[in-house]
>>> print(open('target_33.cif').read())   # mmCIF, C-alpha atoms
data_target
#
loop_
_atom_site.group_PDB
_atom_site.id
_atom_site.type_symbol
_atom_site.label_atom_id
_atom_site.label_comp_id
_atom_site.auth_asym_id
_atom_site.auth_seq_id
_atom_site.Cartn_x
_atom_site.Cartn_y
_atom_site.Cartn_z
ATOM 1 C CA MET E 14 63.282 -49.147 44.796
ATOM 2 C CA PRO E 15 66.603 -47.733 46.097
ATOM 3 C CA LEU E 16 69.622 -50.012 46.313
ATOM 4 C CA TYR E 17 71.733 -50.376 49.469
ATOM 5 C CA MET E 18 75.090 -52.012 50.144
ATOM 6 C CA ASP E 19 75.653 -52.929 53.746
ATOM 7 C CA VAL E 20 78.855 -54.218 55.306
ATOM 8 C CA HIS E 21 79.347 -56.613 58.203
ATOM 9 C CA THR E 22 82.851 -56.796 59.662
ATOM 10 C CA LYS E 23 84.724 -59.313 61.868
ATOM 11 C CA ILE E 24 82.135 -62.079 61.544
ATOM 12 C CA LYS E 25 83.408 -65.149 63.434
ATOM 13 C CA ASP E 26 83.634 -68.621 61.781
ATOM 14 C CA LEU E 27 82.291 -67.395 58.451
ATOM 15 C CA THR E 28 81.587 -70.331 56.098
ATOM 16 C CA GLN E 29 79.392 -70.853 53.025
ATOM 17 C CA GLU E 30 76.873 -72.628 55.273
ATOM 18 C CA LYS E 31 76.785 -69.726 57.771
ATOM 19 C CA LEU E 32 76.407 -67.172 54.967
ATOM 20 C CA ALA E 33 73.545 -69.196 53.431
ATOM 21 C CA GLU E 34 71.854 -69.550 56.835
ATOM 22 C CA ASP E 35 72.198 -65.825 57.622
ATOM 23 C CA HIS E 36 70.838 -64.968 54.161
ATOM 24 C CA ARG E 37 67.907 -67.372 54.706
ATOM 25 C CA LYS E 38 67.056 -65.546 57.963
ATOM 26 C CA ASP E 39 67.175 -62.203 56.146
ATOM 27 C CA LEU E 40 64.743 -63.531 53.552
ATOM 28 C CA GLU E 41 62.469 -64.655 56.386
ATOM 29 C CA TYR E 42 62.295 -61.191 57.998
ATOM 30 C CA GLU E 43 62.553 -58.950 54.929
ATOM 31 C CA GLN E 44 58.981 -59.015 53.653
ATOM 32 C CA ALA E 45 57.541 -57.261 56.694
ATOM 33 C CA GLU E 46 59.842 -54.285 55.891
ATOM 34 C CA GLY E 47 59.465 -54.274 52.090
ATOM 35 C CA VAL E 48 63.154 -55.102 51.753
ATOM 36 C CA HIS E 49 64.717 -57.660 49.396
ATOM 37 C CA PHE E 50 68.251 -58.932 49.948
ATOM 38 C CA LYS E 51 69.423 -59.670 46.404
ATOM 39 C CA GLU E 52 72.985 -60.974 46.837
ATOM 40 C CA ALA E 53 75.788 -61.216 49.388
ATOM 41 C CA TRP E 54 79.528 -61.722 49.022
ATOM 42 C CA ALA E 55 81.879 -62.562 51.893
ATOM 43 C CA ASP E 56 85.558 -62.965 52.728
ATOM 44 C CA PRO E 57 85.966 -65.612 55.453
ATOM 45 C CA GLU E 58 89.602 -64.551 56.136
ATOM 46 C CA THR E 59 88.658 -61.114 57.433
ATOM 47 C CA GLY E 60 85.044 -62.014 58.311
ATOM 48 C CA THR E 61 83.760 -59.254 56.013
ATOM 49 C CA CYS E 62 80.394 -59.520 54.229
ATOM 50 C CA PHE E 63 78.790 -57.218 51.656
ATOM 51 C CA CYS E 64 75.002 -57.401 51.218
ATOM 52 C CA LEU E 65 73.173 -55.805 48.291
ATOM 53 C CA SER E 66 69.500 -55.051 48.893
ATOM 54 C CA GLU E 67 66.513 -53.134 47.625
ATOM 55 C CA ALA E 68 64.730 -51.286 50.405
ATOM 56 C CA PRO E 69 62.450 -48.316 51.067
ATOM 57 C CA ASP E 70 65.128 -46.769 53.301
ATOM 58 C CA GLN E 71 68.331 -47.422 55.255
ATOM 59 C CA ASP E 72 66.577 -48.067 58.577
ATOM 60 C CA ALA E 73 64.509 -50.859 57.048
ATOM 61 C CA VAL E 74 67.766 -52.599 55.985
ATOM 62 C CA ARG E 75 69.134 -52.194 59.531
ATOM 63 C CA ARG E 76 65.934 -53.532 61.155
ATOM 64 C CA VAL E 77 65.838 -56.689 59.047
ATOM 65 C CA HIS E 78 69.485 -57.527 59.711
ATOM 66 C CA ARG E 79 69.074 -56.797 63.430
ATOM 67 C CA ARG E 80 65.984 -59.046 63.688
ATOM 68 C CA ALA E 81 67.838 -61.759 61.779
ATOM 69 C CA GLY E 82 70.550 -61.610 64.462
ATOM 70 C CA HIS E 83 73.376 -60.014 62.491
ATOM 71 C CA PRO E 84 73.269 -56.204 62.635
ATOM 72 C CA ALA E 85 75.101 -54.377 59.832
ATOM 73 C CA ASN E 86 78.150 -52.297 60.740
ATOM 74 C CA GLU E 87 77.673 -49.898 57.829
ATOM 75 C CA VAL E 88 74.821 -49.226 55.378
ATOM 76 C CA TYR E 89 75.286 -47.176 52.178
ATOM 77 C CA PRO E 90 72.569 -45.948 49.798
ATOM 78 C CA VAL E 91 74.186 -46.880 46.482
ATOM 79 C CA THR E 92 72.292 -44.555 44.172
ATOM 80 C CA LEU E 93 74.944 -44.905 41.436
ATOM 81 C CA HIS E 94 75.457 -48.201 39.588
ATOM 82 C CA VAL E 95 77.336 -49.493 36.528
ATOM 83 C CA MET L 18 87.993 -67.260 38.409
ATOM 84 C CA PRO L 19 87.974 -65.886 41.983
ATOM 85 C CA LEU L 20 85.674 -62.986 42.842
ATOM 86 C CA TYR L 21 86.887 -59.812 44.569
ATOM 87 C CA MET L 22 85.059 -56.874 46.141
ATOM 88 C CA ASP L 23 87.134 -53.734 46.404
ATOM 89 C CA VAL L 24 86.203 -50.530 48.175
ATOM 90 C CA HIS L 25 87.112 -46.946 47.355
ATOM 91 C CA THR L 26 86.447 -44.351 50.053
ATOM 92 C CA LYS L 27 86.122 -40.537 50.122
ATOM 93 C CA ILE L 28 85.916 -40.128 46.339
ATOM 94 C CA LYS L 29 85.396 -36.418 45.559
ATOM 95 C CA ASP L 30 82.508 -35.191 43.305
ATOM 96 C CA LEU L 31 81.179 -38.692 42.696
ATOM 97 C CA THR L 32 78.445 -38.661 40.012
ATOM 98 C CA GLN L 33 76.950 -41.263 37.654
ATOM 99 C CA GLU L 34 79.099 -39.799 34.869
ATOM 100 C CA LYS L 35 82.307 -40.069 36.948
ATOM 101 C CA LEU L 36 81.474 -43.646 37.971
ATOM 102 C CA ALA L 37 80.804 -44.596 34.321
ATOM 103 C CA GLU L 38 84.047 -42.932 33.196
ATOM 104 C CA ASP L 39 86.114 -44.643 35.946
ATOM 105 C CA HIS L 40 84.504 -47.979 35.065
ATOM 106 C CA ARG L 41 85.284 -47.386 31.359
ATOM 107 C CA LYS L 42 88.970 -46.828 32.259
ATOM 108 C CA ASP L 43 88.995 -50.054 34.286
ATOM 109 C CA LEU L 44 87.625 -51.943 31.299
ATOM 110 C CA GLU L 45 90.374 -50.402 29.178
ATOM 111 C CA TYR L 46 93.196 -51.623 31.443
ATOM 112 C CA GLU L 47 91.730 -54.890 32.735
ATOM 113 C CA GLN L 48 92.455 -57.241 29.830
ATOM 114 C CA ALA L 49 96.216 -57.019 30.223
ATOM 115 C CA GLU L 50 95.809 -58.406 33.774
ATOM 116 C CA GLY L 51 93.120 -61.023 33.068
ATOM 117 C CA VAL L 52 90.705 -59.106 35.292
ATOM 118 C CA HIS L 53 87.049 -58.324 34.577
ATOM 119 C CA PHE L 54 85.187 -55.624 36.500
ATOM 120 C CA LYS L 55 81.617 -56.922 36.507
ATOM 121 C CA GLU L 56 79.663 -54.255 38.425
ATOM 122 C CA ALA L 57 80.137 -51.256 40.691
ATOM 123 C CA TRP L 58 77.825 -49.524 43.169
ATOM 124 C CA ALA L 59 78.507 -46.139 44.745
ATOM 125 C CA ASP L 60 77.181 -43.735 47.370
ATOM 126 C CA PRO L 61 77.905 -40.136 46.294
ATOM 127 C CA GLU L 62 77.124 -38.782 49.794
ATOM 128 C CA THR L 63 80.070 -40.530 51.435
ATOM 129 C CA GLY L 64 82.093 -40.988 48.216
ATOM 130 C CA THR L 65 82.173 -44.756 48.750
ATOM 131 C CA CYS L 66 82.319 -47.195 45.825
ATOM 132 C CA PHE L 67 82.137 -51.010 45.790
ATOM 133 C CA CYS L 68 83.563 -52.826 42.744
ATOM 134 C CA LEU L 69 82.926 -56.513 42.049
ATOM 135 C CA SER L 70 85.496 -58.199 39.822
ATOM 136 C CA GLU L 71 86.809 -61.549 38.622
ATOM 137 C CA ALA L 72 90.591 -61.698 38.783
ATOM 138 C CA PRO L 73 93.497 -64.140 39.028
ATOM 139 C CA ASP L 74 94.555 -62.505 42.319
ATOM 140 C CA GLN L 75 94.210 -59.450 44.543
ATOM 141 C CA ASP L 76 97.292 -57.676 43.197
ATOM 142 C CA ALA L 77 95.902 -57.795 39.654
ATOM 143 C CA VAL L 78 92.780 -55.963 40.878
ATOM 144 C CA ARG L 79 94.974 -53.344 42.573
ATOM 145 C CA ARG L 80 97.181 -52.848 39.486
ATOM 146 C CA VAL L 81 94.241 -52.254 37.144
ATOM 147 C CA HIS L 82 92.616 -49.702 39.460
ATOM 148 C CA ARG L 83 95.966 -47.971 40.025
ATOM 149 C CA ARG L 84 96.670 -47.720 36.269
ATOM 150 C CA ALA L 85 93.135 -46.427 35.732
ATOM 151 C CA GLY L 86 93.925 -43.630 38.186
ATOM 152 C CA HIS L 87 91.754 -44.646 41.132
ATOM 153 C CA PRO L 88 93.589 -47.005 43.510
ATOM 154 C CA ALA L 89 91.373 -49.163 45.751
ATOM 155 C CA ASN L 90 91.495 -48.573 49.501
ATOM 156 C CA GLU L 91 90.565 -52.157 50.334
ATOM 157 C CA VAL L 92 90.375 -55.405 48.326
ATOM 158 C CA TYR L 93 88.613 -58.535 49.624
ATOM 159 C CA PRO L 94 88.673 -62.014 48.082
ATOM 160 C CA VAL L 95 84.955 -62.854 48.340
ATOM 161 C CA THR L 96 85.146 -66.626 48.128
ATOM 162 C CA LEU L 97 81.635 -67.000 49.594
ATOM 163 C CA HIS L 98 78.544 -65.869 47.667
ATOM 164 C CA VAL L 99 74.758 -66.212 47.920
#
>>> encode(input="target_33.cif", output="structure tokens")
Amino acid sequence: MPLYMDVHTKIKDLTQEKLAEDHRKDLEYEQAEGVHFKEAWADPETGTCFCLSEAPDQDAVRRVHRRAGHPANEVYPVTLHV
Amino acid sequence: MPLYMDVHTKIKDLTQEKLAEDHRKDLEYEQAEGVHFKEAWADPETGTCFCLSEAPDQDAVRRVHRRAGHPANEVYPVTLHV
């Protein structure tokens, strides 16, 4: 399954609890789209979050995040990996 | 050790071989700075690359990438992780 990295920018009041809660919501909505959010890393200073997922396509990643209430600003198909 | 995500944009002619070679150079220069580049993901269409590293600080990440010949455009301390 293709890998995607999506980026959320300028998230307000970003804490470990908020990140965990947002990730939990993703996991709740992902199955219907055949997506799996594997990991996420975030910088609370700038409010930037990077989410790594497996998904059938880019739109599926966008739909899950939108339904979970936190649309992605950018989504990249990361076909190369080391 | 703190985690960092850095982003390279508009990389020309990005292939799996180029990514592996750039990563190899990072590994060559990282020890002197106490940095370790764990993983990297890249989208050859947009020439965007995301590098996850452990490092003492942000400047150490920048110095290693600069010495390896591919300076990062952005570096984020990702203190939150799920």
>>> resolve_selection(input="target_33.cif", expression="the PyMOL selection byres ((chain L) within 8 of (chain E))", output="MDAnalysis selection string")
chainID L and resid 22 32:33 36:37 40 56:61 93:99
>>> closest_residue(input="target_33.cif", among="E:Asp35, E:Glu46, E:Lys25, E:Val20", to="Gly82 (chain E)", atoms="only C-alpha atoms")
E:Asp35
>>> atom_distance(input="target_33.cif", atom1="CA of Gly51 (chain L)", atom2="CA of Ala72 (chain L)")
6.3 Å
>>> atom_distance(input="target_33.cif", atom1="CA of His21 (chain E)", atom2="CA of Arg75 (chain E)")
11.2 Å
>>> closest_residue(input="target_33.cif", among="L:Ser70, L:Gly64, L:Arg80, L:Tyr46", to="Asp23 (chain L)", atoms="all atoms listed in the file")
L:Ser70
>>> atom_distance(input="target_33.cif", atom1="CA of Ala81 (chain E)", atom2="CA of Lys38 (chain E)")
5.4 Å
